[in-house]
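Enquirer: Data: data.tsv, TSV, C-alpha atoms.
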```tsv
chain	number	residue	atom	x	y	z
A	24	MET	CA	-8.62	-11.49	-2.07
A	25	ILE	CA	-10.01	-14.08	-4.48
A	26	PHE	CA	-8.95	-17.71	-4.21
A	27	TYR	CA	-9.73	-19.79	-7.28
A	28	PHE	CA	-9.28	-23.21	-8.80
A	29	SER	CA	-9.88	-24.12	-12.43
A	30	GLY	CA	-9.23	-27.12	-14.66
A	31	THR	CA	-10.53	-26.14	-18.09
A	32	GLY	CA	-10.50	-22.37	-17.69
A	33	ASN	CA	-14.19	-21.69	-17.02
A	34	THR	CA	-13.68	-20.70	-13.41
A	35	LYS	CA	-10.40	-18.89	-14.10
A	36	TRP	CA	-12.23	-16.65	-16.55
A	37	ALA	CA	-15.04	-15.95	-14.05
A	38	ALA	CA	-12.53	-15.19	-11.29
A	39	GLU	CA	-10.65	-12.82	-13.59
A	40	GLN	CA	-13.87	-10.91	-14.22
A	41	LEU	CA	-14.33	-10.47	-10.48
A	42	ALA	CA	-10.72	-9.41	-9.96
A	43	ALA	CA	-11.05	-6.81	-12.71
A	44	ALA	CA	-14.28	-5.46	-11.21
A	45	THR	CA	-13.10	-5.32	-7.59
A	46	GLY	CA	-9.39	-4.65	-8.04
A	47	GLU	CA	-8.58	-7.46	-5.63
A	48	GLU	CA	-5.75	-9.98	-5.76
A	49	LEU	CA	-6.35	-13.25	-7.60
A	50	VAL	CA	-4.69	-16.30	-6.01
A	51	TYR	CA	-4.48	-19.81	-7.48
A	52	ILE	CA	-5.33	-22.36	-4.78
A	53	PRO	CA	-2.78	-25.04	-5.85
A	54	ASP	CA	0.01	-22.46	-5.51
A	55	MET	CA	-1.06	-21.85	-1.92
A	56	LEU	CA	-1.16	-25.55	-1.09
A	57	ARG	CA	2.33	-26.10	-2.51
A	58	ARG	CA	3.64	-23.71	0.14
A	59	GLY	CA	2.64	-26.09	2.92
A	60	ILE	CA	1.33	-24.29	5.98
A	61	VAL	CA	-1.20	-21.78	4.71
A	62	LYS	CA	-2.25	-18.60	6.49
A	63	VAL	CA	-4.57	-15.93	5.13
A	64	THR	CA	-4.82	-12.52	6.78
A	65	LEU	CA	-7.19	-9.87	5.47
A	66	SER	CA	-7.43	-6.18	6.20
A	67	GLU	CA	-10.62	-4.42	7.29
A	68	ASN	CA	-11.79	-3.48	3.78
A	69	GLU	CA	-10.90	-6.63	1.85
A	70	ARG	CA	-13.45	-9.07	0.48
A	71	LEU	CA	-12.83	-12.82	0.68
A	72	GLY	CA	-13.92	-14.77	-2.38
A	73	PHE	CA	-13.79	-18.42	-3.41
A	74	CYS	CA	-14.26	-19.45	-7.05
A	75	PHE	CA	-14.23	-23.07	-8.17
A	76	PRO	CA	-15.91	-25.51	-10.56
A	77	THR	CA	-18.59	-28.01	-9.62
A	78	HIS	CA	-17.13	-31.53	-9.41
A	79	GLY	CA	-19.80	-34.19	-9.22
A	80	TRP	CA	-22.25	-31.71	-7.66
A	81	GLN	CA	-19.81	-31.07	-4.80
A	82	PRO	CA	-16.89	-28.70	-4.20
A	83	PRO	CA	-13.61	-30.03	-5.67
A	84	ARG	CA	-11.48	-32.05	-3.29
A	85	ILE	CA	-8.58	-29.62	-3.63
A	86	VAL	CA	-10.78	-26.66	-2.62
A	87	ARG	CA	-12.07	-28.44	0.45
A	88	GLU	CA	-8.50	-29.37	1.43
A	89	PHE	CA	-7.42	-25.76	1.01
A	90	VAL	CA	-10.13	-24.49	3.36
A	91	ARG	CA	-9.37	-27.21	5.91
A	92	GLN	CA	-5.61	-26.62	5.89
A	93	THR	CA	-5.72	-22.83	5.97
A	94	THR	CA	-5.72	-20.57	9.01
A	95	PHE	CA	-7.90	-17.55	8.31
A	96	HIS	CA	-7.53	-14.24	10.13
A	97	VAL	CA	-10.35	-12.03	8.89
A	98	PRO	CA	-12.27	-9.14	10.48
A	99	THR	CA	-15.87	-9.88	11.44
A	100	SER	CA	-16.94	-7.26	8.92
A	101	THR	CA	-15.37	-9.15	6.00
A	102	PHE	CA	-17.69	-9.78	3.06
A	103	ILE	CA	-17.31	-13.46	2.11
A	104	TYR	CA	-18.71	-14.91	-1.09
A	105	ALA	CA	-18.41	-17.99	-3.28
A	106	LEU	CA	-18.95	-18.63	-6.97
A	107	THR	CA	-19.14	-22.00	-8.68
A	108	THR	CA	-19.25	-22.75	-12.38
A	109	CYS	CA	-21.28	-25.74	-13.55
A	110	GLY	CA	-22.35	-27.45	-16.75
A	111	ASP	CA	-26.08	-27.31	-16.03
A	112	ASN	CA	-26.63	-27.31	-12.26
A	113	MET	CA	-24.72	-27.60	-9.00
A	114	GLY	CA	-27.07	-29.42	-6.64
A	115	GLU	CA	-26.41	-28.76	-2.94
A	116	LEU	CA	-22.75	-27.85	-3.54
A	117	MET	CA	-23.02	-24.48	-1.83
A	118	THR	CA	-24.60	-26.02	1.28
A	119	ILE	CA	-21.65	-28.39	1.50
A	120	PHE	CA	-19.15	-25.58	0.99
A	121	GLU	CA	-20.80	-23.38	3.58
A	122	LYS	CA	-20.34	-26.17	6.14
A	123	GLU	CA	-16.63	-26.24	5.29
A	124	LEU	CA	-16.42	-22.50	5.93
A	125	LYS	CA	-18.34	-22.68	9.20
A	126	ALA	CA	-15.93	-25.35	10.46
A	127	LYS	CA	-13.19	-22.73	10.07
A	128	GLY	CA	-15.18	-19.99	11.79
A	129	LEU	CA	-16.11	-18.34	8.48
A	130	TRP	CA	-19.45	-17.49	6.93
A	131	LEU	CA	-21.03	-17.08	3.50
A	132	ASP	CA	-22.68	-13.74	2.78
A	133	THR	CA	-23.45	-14.23	-0.91
A	134	SER	CA	-23.14	-17.03	-3.46
A	135	PHE	CA	-23.57	-17.63	-7.16
A	136	ALA	CA	-23.64	-20.41	-9.72
A	137	VAL	CA	-22.68	-19.57	-13.30
A	138	VAL	CA	-23.57	-22.05	-16.04
A	139	MET	CA	-20.65	-22.67	-18.40
A	140	PRO	CA	-19.83	-25.29	-21.07
A	141	GLU	CA	-19.76	-28.87	-19.79
A	142	SER	CA	-16.37	-30.50	-19.24
A	143	ASN	CA	-17.12	-33.69	-17.26
A	144	VAL	CA	-16.36	-36.82	-19.30
A	145	CYS	CA	-16.44	-39.32	-16.43
A	146	PHE	CA	-20.15	-40.16	-16.45
A	147	SER	CA	-21.71	-42.03	-19.37
A	148	PHE	CA	-24.82	-39.83	-19.19
A	149	LEU	CA	-22.87	-36.56	-19.38
A	150	HIS	CA	-21.76	-35.20	-22.72
A	151	LEU	CA	-19.79	-32.16	-23.82
A	152	ASP	CA	-21.81	-29.35	-25.34
A	153	THR	CA	-21.89	-28.78	-29.08
A	154	PRO	CA	-19.84	-25.82	-30.34
A	155	GLU	CA	-23.08	-23.90	-30.84
A	156	LYS	CA	-24.23	-24.57	-27.27
A	157	GLU	CA	-20.81	-23.66	-25.94
A	158	GLN	CA	-21.05	-20.24	-27.55
A	159	LEU	CA	-24.57	-19.69	-26.22
A	160	LYS	CA	-23.52	-20.61	-22.68
A	161	ILE	CA	-20.46	-18.37	-22.78
A	162	ALA	CA	-22.44	-15.45	-24.17
A	163	ALA	CA	-25.01	-15.86	-21.37
A	164	ALA	CA	-22.20	-16.17	-18.80
A	165	GLU	CA	-20.66	-12.90	-19.99
A	166	VAL	CA	-23.94	-11.11	-19.28
A	167	ARG	CA	-24.34	-12.92	-15.97
A	168	MET	CA	-20.85	-12.04	-14.76
A	169	LYS	CA	-21.54	-8.33	-15.18
A	170	HIS	CA	-24.40	-8.67	-12.70
A	171	VAL	CA	-22.39	-10.92	-10.36
A	172	SER	CA	-19.48	-8.48	-10.41
A	173	GLU	CA	-21.72	-5.57	-9.45
A	174	VAL	CA	-23.26	-7.47	-6.54
A	175	ILE	CA	-19.86	-8.46	-5.19
A	176	LYS	CA	-18.27	-5.07	-5.81
A	177	ASN	CA	-21.05	-3.45	-3.79
A	178	GLN	CA	-20.89	-6.18	-1.12
A	179	ARG	CA	-24.58	-7.00	-1.23
A	180	LYS	CA	-25.29	-9.59	1.43
A	181	GLY	CA	-27.98	-12.26	1.30
A	182	VAL	CA	-27.86	-12.74	-2.47
A	183	HIS	CA	-27.83	-16.46	-3.27
A	184	GLU	CA	-28.45	-17.03	-6.96
A	185	LEU	CA	-27.90	-20.73	-7.46
A	186	VAL	CA	-28.82	-23.35	-10.05
A	187	LYS	CA	-29.58	-26.41	-7.93
A	188	GLY	CA	-31.48	-28.51	-10.47
A	189	ALA	CA	-34.62	-30.60	-10.06
A	190	ILE	CA	-33.29	-33.06	-7.47
A	191	PRO	CA	-30.35	-31.30	-5.78
A	192	ARG	CA	-29.95	-33.66	-2.82
A	193	THR	CA	-29.87	-36.67	-5.14
A	194	TYR	CA	-27.33	-34.96	-7.36
A	195	SER	CA	-24.97	-34.03	-4.54
A	196	TYR	CA	-25.38	-36.74	-1.92
A	197	ILE	CA	-26.19	-39.85	-3.96
A	198	ILE	CA	-24.79	-39.46	-7.48
A	199	GLY	CA	-22.21	-36.93	-6.36
A	200	GLY	CA	-21.39	-38.99	-3.30
A	201	TYR	CA	-20.57	-41.98	-5.52
A	202	TYR	CA	-18.60	-39.81	-7.94
A	203	ASN	CA	-16.48	-38.17	-5.29
A	204	LYS	CA	-15.84	-41.42	-3.43
A	205	HIS	CA	-15.08	-43.71	-6.36
A	206	LEU	CA	-14.21	-41.65	-9.43
A	207	ILE	CA	-11.89	-39.00	-7.98
A	208	SER	CA	-8.78	-40.94	-8.90
A	209	ASP	CA	-5.92	-41.03	-11.37
A	210	GLU	CA	-6.33	-44.78	-11.92
A	211	LYS	CA	-8.45	-44.48	-15.06
A	212	PHE	CA	-6.23	-42.12	-17.04
A	213	TRP	CA	-4.28	-43.66	-19.90
A	214	VAL	CA	-2.18	-42.42	-22.81
A	215	ASP	CA	-2.20	-43.18	-26.50
A	216	ALA	CA	1.57	-43.39	-26.90
A	217	GLU	CA	1.39	-42.99	-30.67
A	218	ALA	CA	-0.58	-39.74	-30.40
A	219	CYS	CA	1.50	-38.26	-27.55
A	220	ILE	CA	4.03	-35.66	-28.72
A	221	LYS	CA	5.86	-35.60	-25.36
A	222	CYS	CA	5.25	-31.87	-24.85
A	223	GLY	CA	4.95	-32.19	-21.06
A	224	LEU	CA	1.98	-29.82	-20.89
A	225	CYS	CA	-0.09	-32.24	-18.81
A	226	ALA	CA	2.58	-32.46	-16.11
A	227	ARG	CA	2.98	-28.68	-16.01
A	228	LEU	CA	-0.77	-28.14	-15.67
A	229	CYS	CA	-1.45	-30.81	-13.04
A	230	PRO	CA	-2.45	-28.84	-9.90
A	231	VAL	CA	-1.37	-31.61	-7.54
A	232	ASP	CA	1.93	-32.62	-9.21
A	233	ASP	CA	0.64	-36.13	-9.92
A	234	ILE	CA	2.15	-36.46	-13.41
A	235	GLU	CA	5.75	-36.86	-14.48
A	236	GLY	CA	7.63	-37.82	-17.61
A	237	ALA	CA	6.79	-37.77	-21.30
A	238	PRO	CA	4.78	-39.72	-22.27
A	239	PRO	CA	3.07	-38.91	-18.96
A	240	VAL	CA	2.98	-41.28	-16.03
A	241	TRP	CA	0.60	-40.75	-13.10
A	242	ILE	CA	2.53	-41.28	-9.90
A	243	HIS	CA	-0.55	-42.10	-7.78
A	244	ASN	CA	0.25	-39.68	-4.98
A	245	GLY	CA	-3.34	-39.84	-3.73
A	246	ARG	CA	-3.98	-36.18	-4.46
A	247	CYS	CA	-5.73	-36.30	-7.86
A	248	THR	CA	-8.74	-33.99	-7.77
A	249	ASN	CA	-10.10	-35.18	-11.15
A	250	CYS	CA	-10.04	-31.69	-12.64
A	251	LEU	CA	-9.35	-33.21	-16.08
A	252	ALA	CA	-6.88	-30.46	-16.98
A	253	CYS	CA	-4.46	-33.07	-18.35
A	254	TYR	CA	-7.21	-34.64	-20.45
A	255	HIS	CA	-8.73	-31.48	-21.92
A	256	HIS	CA	-5.54	-29.48	-22.52
A	257	CYS	CA	-3.64	-32.24	-24.33
A	258	PRO	CA	-2.92	-30.78	-27.81
A	259	ARG	CA	-3.22	-34.21	-29.49
A	260	HIS	CA	-6.01	-35.67	-27.33
A	261	ALA	CA	-3.60	-38.45	-26.39
A	262	ILE	CA	-4.89	-38.66	-22.81
A	263	HIS	CA	-8.09	-40.57	-22.13
A	264	TRP	CA	-10.17	-41.41	-19.08
A	265	GLY	CA	-11.72	-44.87	-18.80
A	266	LYS	CA	-13.07	-46.76	-21.78
A	267	MET	CA	-15.25	-43.96	-23.16
A	268	LYS	CA	-13.91	-41.85	-26.00
A	269	ARG	CA	-15.06	-38.27	-25.54
A	270	GLY	CA	-14.12	-34.88	-26.93
A	271	GLN	CA	-12.23	-32.04	-25.26
A	272	TYR	CA	-13.16	-28.61	-23.98
A	273	VAL	CA	-10.99	-25.68	-22.90
A	274	PHE	CA	-12.45	-22.21	-22.39
A	275	ASN	CA	-11.93	-19.92	-25.37
A	276	ARG	CA	-9.75	-22.40	-27.28
A	277	ARG	CA	-12.00	-22.69	-30.32
A	278	GLU	CA	-10.57	-20.72	-33.21
A	279	ASP	CA	-14.00	-19.41	-34.17
A	280	ARG	CA	-14.38	-17.64	-30.80
A	281	LYS	CA	-12.55	-14.34	-30.50
A	282	SER	CA	-12.05	-12.53	-27.19
```
Represent the structure contained in this file as structure tokens.
Expert:
Amino acid sequence: MIFYFSGTGNTKWAAEQLAAATGEELVYIPDMLRRGIVKVTLSENERLGFCFPTHGWQPPRIVREFVRQTTFHVPTSTFIYALTTCGDNMGELMTIFEKELKAKGLWLDTSFAVVMPESNVCFSFLHLDTPEKEQLKIAAAEVRMKHVSEVIKNQRKGVHELVKGAIPRTYSYIIGGYYNKHLISDEKFWVDAEACIKCGLCARLCPVDDIEGAPPVWIHNGRCTNCLACYHHCPRHAIHWGKMKRGQYVFNRREDRKS
């Protein structure tokens, strides 16, 4: 079983590659959380996988909540792995996630980081990749996922191929600590009413049901995970975050990229 979360499609694509390689069920984490009490029971031969993007060099809030709220019944022989997608590096994210698993009596046999096009527009020093760099990253990720899929399919333990960056603790615990404490919020989203076409896509895509109406209104339910799905998927770029004007990115949306 593969549990995944994705805002712009990077992680969804990676999780789909794993599902195709292993033949295992792909489950969207927000769908599980909407059910309320969550229980996961695995058979003797099933793998347990977690796939999610890097949010501020830490696991996304919604993924951590899922692990904390779920009761897991898994055999001791279960192969457990995690994969994170990141723009350039993921700091100590996997160390943080492993602690979440251990608190639930789980373990982490193997883990990967896969570099994908950047999507974070909430830091002034982060910028989206150029179209050319996007294509290079995706091409490299396609090659990488073939290797990752083989490792996971064959249940190779002790493989931890991560991209931590030059100062991983600073990324995750200082910069990431600030990001996840102060910037994981719906307070800074705003809408250009003239550009909005009232399609309702943002509300349908919101994984925590924090948007309603058209033009969209954030209801401030305290659950925003800052995945930026509303921002990046808006067909008219009518949704903005903060004062900075940035571009958009959605996996495979560019017309010049054929799959």
Enquirer: Which is closer to Tyr201 (chain A) than all the others in A:Gly79, A:Gly72, A:Gly223, A:Gly245, using all atoms listed in the file?
Expert: A:Gly79
Enquirer: Which residue out of A:Pro82, A:Gly110, A:Ser208, A:Ala164 has the minimum interatomic distance to Asp152 (chain A) when all atoms listed in the file are used?
Expert: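 Checking each candidate against Asp152 (chain A), we get A:Gly110 as the closest.
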Enquirer: Which residue gives the smallest distance to Pro76 (chain A) among A:Ile197, A:Cys250, A:Ala218, A:Val171, with all atoms listed in the file counted?
Expert: A:Cys250
Enquirer: Which one of A:Trp130, A:Tyr272, A:Trp264, A:Trp36 sits closest to Thr153 (chain A) if you count all atoms listed in the file?
Expert: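 Comparing A:Trp130, A:Tyr272, A:Trp264, A:Trp36 against Thr153 (chain A), the winner is A:Tyr272.
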Enquirer: Which polymer residues have any atom within 6 Å of an atom of region 39-52 of chain A, counting only C-alpha atoms, with same-chain residues fewer than 3 positions away left out, as a JSON list (two decimals) with C-alpha atoms, in the coordinates of the input?
Expert:
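And here's part24.json as it stands now:
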```json
[["chain", "number", "residue", "atom", "x", "y", "z"],
["A", 24, "MET", "CA", -8.62, -11.49, -2.07],
["A", 25, "ILE", "CA", -10.01, -14.08, -4.48],
["A", 26, "PHE", "CA", -8.95, -17.71, -4.21],
["A", 27, "TYR", "CA", -9.73, -19.79, -7.28],
["A", 28, "PHE", "CA", -9.28, -23.21, -8.80],
["A", 36, "TRP", "CA", -12.23, -16.65, -16.55],
["A", 55, "MET", "CA", -1.06, -21.85, -1.92],
["A", 172, "SER", "CA", -19.48, -8.48, -10.41],
["A", 176, "LYS", "CA", -18.27, -5.07, -5.81]]
```
Enquirer: Let me make sure I understand: among A:Val61, A:Cys74, A:Leu206, A:Met267, which one has the smallest atom-to-atom distance to Lys35 (chain A) if we use all atoms listed in the file?
Expert: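 Smallest distance to Lys35 (chain A) is found for A:Cys74.
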Enquirer: Output requested as a JSON list (two decimals), in the coordinates of the input - region 182-207 of chain A, filled out with N, CA, C and O atoms.
Expert:
```json
[["chain", "number", "residue", "atom", "x", "y", "z"],
["A", 182, "VAL", "N", -27.53, -12.40, -1.08],
["A", 182, "VAL", "CA", -27.86, -12.74, -2.47],
["A", 182, "VAL", "C", -27.33, -14.15, -2.73],
["A", 182, "VAL", "O", -26.12, -14.39, -2.68],
["A", 183, "HIS", "N", -28.22, -15.08, -3.00],
["A", 183, "HIS", "CA", -27.83, -16.46, -3.27],
["A", 183, "HIS", "C", -28.53, -16.92, -4.54],
["A", 183, "HIS", "O", -29.65, -17.42, -4.51],
["A", 184, "GLU", "N", -27.88, -16.70, -5.66],
["A", 184, "GLU", "CA", -28.45, -17.03, -6.96],
["A", 184, "GLU", "C", -27.79, -18.30, -7.47],
["A", 184, "GLU", "O", -26.70, -18.29, -8.06],
["A", 185, "LEU", "N", -28.46, -19.42, -7.20],
["A", 185, "LEU", "CA", -27.90, -20.73, -7.46],
["A", 185, "LEU", "C", -28.73, -21.50, -8.48],
["A", 185, "LEU", "O", -29.89, -21.18, -8.70],
["A", 186, "VAL", "N", -28.12, -22.50, -9.07],
["A", 186, "VAL", "CA", -28.82, -23.35, -10.05],
["A", 186, "VAL", "C", -28.73, -24.78, -9.51],
["A", 186, "VAL", "O", -27.82, -25.54, -9.86],
["A", 187, "LYS", "N", -29.68, -25.13, -8.65],
["A", 187, "LYS", "CA", -29.58, -26.41, -7.93],
["A", 187, "LYS", "C", -30.08, -27.61, -8.74],
["A", 187, "LYS", "O", -29.70, -28.74, -8.44],
["A", 188, "GLY", "N", -30.94, -27.40, -9.71],
["A", 188, "GLY", "CA", -31.48, -28.51, -10.47],
["A", 188, "GLY", "C", -32.72, -29.09, -9.83],
["A", 188, "GLY", "O", -33.11, -28.70, -8.72],
["A", 189, "ALA", "N", -33.34, -30.05, -10.49],
["A", 189, "ALA", "CA", -34.62, -30.60, -10.06],
["A", 189, "ALA", "C", -34.53, -31.43, -8.79],
["A", 189, "ALA", "O", -35.44, -31.42, -7.95],
["A", 190, "ILE", "N", -33.44, -32.17, -8.63],
["A", 190, "ILE", "CA", -33.29, -33.06, -7.47],
["A", 190, "ILE", "C", -31.90, -32.84, -6.85],
["A", 190, "ILE", "O", -31.03, -33.71, -6.90],
["A", 191, "PRO", "N", -31.70, -31.68, -6.24],
["A", 191, "PRO", "CA", -30.35, -31.30, -5.78],
["A", 191, "PRO", "C", -29.73, -32.25, -4.76],
["A", 191, "PRO", "O", -28.53, -32.52, -4.82],
["A", 192, "ARG", "N", -30.51, -32.76, -3.83],
["A", 192, "ARG", "CA", -29.95, -33.66, -2.82],
["A", 192, "ARG", "C", -29.50, -34.97, -3.47],
["A", 192, "ARG", "O", -28.47, -35.54, -3.09],
["A", 193, "THR", "N", -30.27, -35.45, -4.42],
["A", 193, "THR", "CA", -29.87, -36.67, -5.14],
["A", 193, "THR", "C", -28.60, -36.43, -5.93],
["A", 193, "THR", "O", -27.68, -37.26, -5.94],
["A", 194, "TYR", "N", -28.53, -35.29, -6.59],
["A", 194, "TYR", "CA", -27.33, -34.96, -7.36],
["A", 194, "TYR", "C", -26.10, -34.96, -6.47],
["A", 194, "TYR", "O", -25.08, -35.60, -6.78],
["A", 195, "SER", "N", -26.16, -34.24, -5.35],
["A", 195, "SER", "CA", -24.97, -34.03, -4.54],
["A", 195, "SER", "C", -24.64, -35.18, -3.59],
["A", 195, "SER", "O", -23.47, -35.53, -3.44],
["A", 196, "TYR", "N", -25.66, -35.76, -2.96],
["A", 196, "TYR", "CA", -25.38, -36.74, -1.92],
["A", 196, "TYR", "C", -25.43, -38.19, -2.38],
["A", 196, "TYR", "O", -24.85, -39.06, -1.74],
["A", 197, "ILE", "N", -26.13, -38.47, -3.47],
["A", 197, "ILE", "CA", -26.19, -39.85, -3.96],
["A", 197, "ILE", "C", -25.29, -40.01, -5.18],
["A", 197, "ILE", "O", -24.26, -40.70, -5.12],
["A", 198, "ILE", "N", -25.64, -39.35, -6.29],
["A", 198, "ILE", "CA", -24.79, -39.46, -7.48],
["A", 198, "ILE", "C", -23.43, -38.83, -7.20],
["A", 198, "ILE", "O", -22.38, -39.41, -7.49],
["A", 199, "GLY", "N", -23.45, -37.62, -6.67],
["A", 199, "GLY", "CA", -22.21, -36.93, -6.36],
["A", 199, "GLY", "C", -21.39, -37.64, -5.29],
["A", 199, "GLY", "O", -20.16, -37.63, -5.32],
["A", 200, "GLY", "N", -22.09, -38.24, -4.34],
["A", 200, "GLY", "CA", -21.39, -38.99, -3.30],
["A", 200, "GLY", "C", -20.61, -40.15, -3.89],
["A", 200, "GLY", "O", -19.46, -40.40, -3.53],
["A", 201, "TYR", "N", -21.24, -40.86, -4.84],
["A", 201, "TYR", "CA", -20.57, -41.98, -5.52],
["A", 201, "TYR", "C", -19.40, -41.46, -6.34],
["A", 201, "TYR", "O", -18.30, -42.01, -6.30],
["A", 202, "TYR", "N", -19.64, -40.39, -7.08],
["A", 202, "TYR", "CA", -18.60, -39.81, -7.94],
["A", 202, "TYR", "C", -17.37, -39.42, -7.12],
["A", 202, "TYR", "O", -16.23, -39.78, -7.46],
["A", 203, "ASN", "N", -17.60, -38.67, -6.06],
["A", 203, "ASN", "CA", -16.48, -38.17, -5.29],
["A", 203, "ASN", "C", -15.78, -39.24, -4.45],
["A", 203, "ASN", "O", -14.62, -39.07, -4.08],
["A", 204, "LYS", "N", -16.46, -40.33, -4.19],
["A", 204, "LYS", "CA", -15.84, -41.42, -3.43],
["A", 204, "LYS", "C", -15.09, -42.38, -4.33],
["A", 204, "LYS", "O", -14.02, -42.88, -3.96],
["A", 205, "HIS", "N", -15.63, -42.65, -5.52],
["A", 205, "HIS", "CA", -15.08, -43.71, -6.36],
["A", 205, "HIS", "C", -14.40, -43.25, -7.64],
["A", 205, "HIS", "O", -13.57, -43.98, -8.20],
["A", 206, "LEU", "N", -14.73, -42.07, -8.14],
["A", 206, "LEU", "CA", -14.21, -41.65, -9.43],
["A", 206, "LEU", "C", -13.16, -40.54, -9.34],
["A", 206, "LEU", "O", -12.56, -40.17, -10.35],
["A", 207, "ILE", "N", -12.95, -40.00, -8.15],
["A", 207, "ILE", "CA", -11.89, -39.00, -7.98],
["A", 207, "ILE", "C", -10.58, -39.77, -7.79],
["A", 207, "ILE", "O", -10.16, -40.07, -6.68]]
```
